[in-house]
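Undergrad: The structure under discussion is supplied below as C-alpha cells; questions concerning it will follow.
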Amino acid sequence: MAIRIKRVAETLIEGDLRHADSGQRAPLCITLAPHADVTPSEAPPVRIFLGTEAVQFRAERAFVYSIERVRDPARTYEIYLMKDFEGFERRLWLTGFTNYRFMIPELAGGTGRAIYNDTDQIYLRDPAELFDADMGEAGVLSINDHDTSVMLIDCARMVRLWNGRSARRIGNRELERRMREADLWGDLDNAWNARDAEYVADASKVVHYTTIHTQPWRPTPQDFVYGANPAADIWHRIEAEADAAGFQVWNSAQPSPLLKRRFDIGDFAAPARARLADFVAAATDVGARRAAYYGYDRGARLRRAMADIEITMCDFADLVAPRAEPAPVDMVFADGLAEIPDTDTPWILDALFARARRAVVVAVTLDTSEERDTPADAIWWYQQLVSAGSRAPDRHWRLVVRKPRRIRKPRVWYWSGGALARRDPQVWALTHYKTGHRSQTLGVAQALGWPVSEHAIRRSPLTYAGAIVRDALGIGAAEWPHGLAAPWPDVIVASGWLPAVAARAVARRSRARTRLVLMGRRGGRIGETQNIAIVCKHFDLPPNPRQIETLLPPSKVATAQLREAEAEWPDLFAGAEGPRVAWLVGGDTVQHALDDDTALALTQRIRDQVHAAAGQLAVLTSRRTSQSATDAIRAGLYKRDALVGWGEHSADRNPYLGYLAHADVLVVTGESESMLAEAVATGKPVYIAPLPTARPNLRRRLADRVIAQAGQDRFNKRGSARPQEGLQYICARLVERRIFVPRRNMPELHDALVDQGVARMLGDSLTGWRPPAWHETEWLARRIRALLPLPGERAAEAESETPRTGDSRVRVG
C-alpha cells in the first residue's frame, strides 16, 4: 500500500509523469508473419495480449523476442500491446496495466481465443501450444483462481463479464471473484507460469519475474531496491540474443503507428532549447570534426558556437525507412526527443548511435504537459541511453535532462556512459589516511595502466562537512577542499567513505564527465549511474549492474615492490636458519575483538610453532592493535623474535613491505581482508588466525534488525512475493545507501581462500607449500577497462567471468 500512496501523492502534486498520455483506444499490434521459406499454416493466428507500460520497455522487447525464438515459423502470431489506455484510474494500480487484461474479450471482438501475459515474462516454449490447449467448459485457464497473470481466454464466454466497461469501473479482485462464481475458471499447467524460483530447467514454459523488486532489468529503481533473482541469467541471455540479432519491437522499416501519425500530423512543438555548452564540451572532449544534429533548431546557434566543426542538420523523420545509409560522423547531437512517442525511442536511439563513430549527446527537456508522448521521468531517459549504449559499447554518450519548474530554475540531471571521452584518460587516485584504503586505491589505479596522479584526502571533517552542506544547498564552490579543481579527470579511483564523498563532488562539478571507480562497504554506492562499484563478495551487499564482486579487496603489493623492499631492508630476519615467519596483527573491529588474553594465546601458539621448525618470528602490529594487546604480544615473545609496533617508523621508512618480501610464511589475523589481500598477493603461504567475535554494540544490533527486515518478503494469496514497501522498503533503502551494512561474512571469505589453495587455517604446525599465483587485481583492472573502454575501441570482456588462481576460479559477480 505504501508504494500506491507514494504514487498517488506524486500524481496529485505533478501529475502522472511516468506514463505517456497517448490516450490509446485500441492496442498496438505487432504481427510475426510466417517465415518466407516455409508454407504458411492454416491454423488461426496465435493472439497474445500483453499488459505493458513505458517503464517496461526492456521487458517488452525481451518478451516479444522470446516468442520469436521459439515460435512455429509457419504460423502467424499477433501480439497486442496494451498500454496507456484512456479512461482508466491507474493511480492505485501496482503496475500501469493492472485492469487492461479484463478488456481482452471485447478487444478480441468477443470471438475466438486469446492469451494474456504480463510484460515481465518470457516464453521458453511455443505459445501456440498454450493457445491450442483444451479448455473444456472453462472461460479462463490460469494456474490458480487468484492469479490472472497468464491466461488462456475464451472471449465469447467471457465478454459479458469482462469488457471495457467493467474493466474501467470494477476492481481486479472483484472481476476475478465474478469469474469464480460463474464457474468459468479452469486449471492451467504450472509450467506456463513459473514464478521466479519456481523455474525448472527443461520443464518451465513461461518464466514470470513476478517479484517486482527482483526483476533483472530494474525498471523503477526510484521505487524499489532491487535484489538478485534466481532466474535472472535466462532473461539476460534472451536480451543479449536480441541485441546480437539487432531486434527491436519497432524499427525504421516498421515504425509504430503512433510515430507514423505524429509525422503525418507534423505538429511538433518547439522544445526548450538545449544549452549549447553541453554540446560544445562533449565535442571538445572527443575531438569531433564532423557532427550531425537531430532536432528542431535551425542551426545558426550551433554553427556559431562550433565554427570549427562541420555540422549536418537532420530531421528525425529522415530515420524512417531511409533510402541510403547516412554518412557517418564523429558525433551526433539530439535535441527534442521528448516529441518522439516512447514506442519508438529505442530504435531511434539505435539509429543515432549507428551513425556516430565516437559519441552521442542527447539533451531532453521533459514534457510535463497533459499530451506528452514520452514519460516525463529522468530515470526513464537514463535507462534508454544505457540500453542503447550497451549495444554500441565503443561509443561515448552523454545525457542532459531538464525538468521545467514554474517558479525555480529547471532541475537538471547529467549522465555519461559507454566509452571514455578521450583516448588518453587521466586518472586521479583519491587516497585515504587509512593504510588499507590507500593500498586498494593505488593498486587499482596503477593496474589500469593510465596516467595516475595521487590526491590525498586529509582527515579534516569540519572542512568536508561544510563543503557537503554548501553542495546540498546549491552554493558549493567550483573547487573541492584541498585543491581538487578543474581540469577534471576522466576517471577517479577511491576507497573509503570520505574519498568517495570527494569523488562524487568532483563528478557533479564535471557534469558527470568524470567516471568513478568506488571501493569499500560504505564508499562503493553508485546508484543509477555508469560509475563502477567494487565490493567483496562476503560483504553481502545489494547487487547492481555496475558492481564487481571480488574475493579480496585490491592490493598495491606487486612483485616489483617486493623486490625493491627486499633490497631496501636486507637485514630483516638476519641469522635465521629455518623458516622466516611474519605475523600481521590487526585488532578490534565492530565484529571482532583482540583482547589481551587472545593476543597472548595466539602469540604463544605461533611462537611455539615457529621455534619448533627452528624458524624466526617477526610480529607487525597495525593501527587497530591496542597498546594492551601489543604489550601482551611482547610478553609472549622470545628475545630473538622481533616486534615492530605501529608508528615506530615513519611512513617513508616503514619495513612492512620488507618483512613481506623476506618472509617465507605469513600469518594474518582473520578480521582484516585488506591484510589478507596483501599477504595473498605476495604468492607465499598464508595462515589465517581467526579472532573471537565481539559483543555487538547498539549500532550493530540496530543494523542487524534493519538488514533482517530488508530481506523479509511477504506473500500474497497467489503465492507470490509482495512488492517491497513500507518498513521493508525503508530498511532496504538504508542498506542500499550504506547507512547500515550487513556483517562481513569472514568465515565465508576464509573458506573461499582455503578452497582456492592460497591460504590455510592456523593449525598445529606451520609448513610451507607453493600457493597458486593470485591475479585478482590484474583481472579486476581488465574488467574495469572492459566497462570503461577507450573511444572507438570495442569493449573486450575480461578473459573470464572470474580470475584464475592456478587451476581454480574465484567466484566474482
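Lettering and numbering for the C-alpha cells are positional, with chains as A, B, ... in the shown order, residues counted from 1 in each chain, and ligands counted from 1 in the shown order.
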Pick out the residues sitting within 10 Å of Ala421 in chain A, and hand them over as a PyMOL selection string; count only C-alpha atoms, and ignore anything fewer than 2 positions along from it in its own chain.

TA: chain A and resi 282-287+358-359+395-398+416-419+423-425+490+513-514+788-792

Undergrad: DSSP on the backbone, alpha helix (DSSP H) only: what residues of range 130-205 of chain A does that give? Format it as JSON, numbers by chain.

TA: {"A": [130, 131, 155, 156, 157, 158, 164, 165, 166, 167, 168, 169, 172, 173, 174, 175, 176, 177, 178, 179, 180, 181]}

Undergrad: Of the candidates A:Trp217, A:Trp779, A:Trp192, A:Trp480, which one gets nearest to Val444 in chain A if we count only C-alpha atoms?

TA: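 The answer is A:Trp779, which sits nearest to Val444 in chain A.
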
Undergrad: Can you pull out every residue within 10 Å of Ser460 in chain A, counting only C-alpha atoms, but drop anything in the same chain fewer than 5 positions away, and send it as number ranges by chain?

TA: A: 465, 481-482, 498

Undergrad: For CA of Tyr77 in chain A and CA of Leu259 in chain A, quote the distance in Å rounded to one decimal.

TA: 22.6 Å

Undergrad: Hey, which bits of range 689-721 of chain A sit within 12 Å of range 564-586 of chain A, and for each residue what's the closest pair of atoms and how far apart in Å (one decimal), counting only C-alpha atoms, rows by chain and increasing number, as a tab-separated table?

TA:
residue	atom	partner	partner_atom	distance
A:Ala689	CA	A:Val585	CA	9.4
A:Pro690	CA	A:Gly586	CA	10.5
A:Leu691	CA	A:Gly586	CA	9.3

Undergrad: Applying 10 Å and only C-alpha atoms, which residues near range 58-66 of chain A remain after dropping the ones on its own chain fewer than 2 positions away? List them as a PyMOL selection string.

TA: chain A and resi 30+32+50-56+68-71+79+81+117-126+206+209+215-219+235-243+245+247-250+346+383-384+387

Undergrad: Taking only C-alpha atoms into account, name the residue in A:Leu484, A:Met746, A:Ala114, A:Val610 that is nearest to Phe539 in chain A.

TA: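 When distances to Phe539 in chain A are compared using only C-alpha atoms, the smallest one comes from A:Met746.
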
Undergrad: Excluding Ser142 in chain A and residues on its chain fewer than 3 positions from it, collect all residues at most 7 Å away from it, counting only C-alpha atoms, and give them as a list in words.

TA: Asp145, Asp147, Thr148, Val150, Met151, Leu152, Gly186, Asp187 and Leu188 of chain A

Undergrad: Leaving out Thr345 in chain A and any residue of its chain fewer than 3 positions from it, which residues lie within 10 Å of it when counting only C-alpha atoms, given as a PyMOL selection string?

TA: chain A and resi 57+250-251+259+337-342+348-351+374+381+384-385+388

Undergrad: Between CA of Ser41 in chain A and CA of Arg75 in chain A, what distance in Å does the model show, to one decimal?

TA: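 Atom-to-atom, CA of Ser41 in chain A and CA of Arg75 in chain A are spaced 5.2 Å apart.
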
Undergrad: Excluding Ile532 in chain A and residues on its chain fewer than 5 positions from it, collect all residues at most 9 Å away from it, counting only C-alpha atoms, and give them as a PyMOL selection string.

TA: chain A and resi 515-519+524-526+545-548+784+787

Undergrad: What does the structure give for the distance between CA of Ile170 in chain A and CA of Met158 in chain A, in Å to one decimal?

TA: 15.1 Å

Undergrad: Run DSSP on the backbone and give me the residues of range 276-413 of chain A it puts in strand (DSSP E), as a count of residues only.

TA: 38

Undergrad: Go through A:Leu698, A:Met82, A:Ala558, A:Leu766 and flag the residue nearest Ala613 in chain A, using only C-alpha atoms for the distances.

TA: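 Between A:Leu698, A:Met82, A:Ala558, A:Leu766, the residue approaching Ala613 in chain A most closely is A:Leu766.
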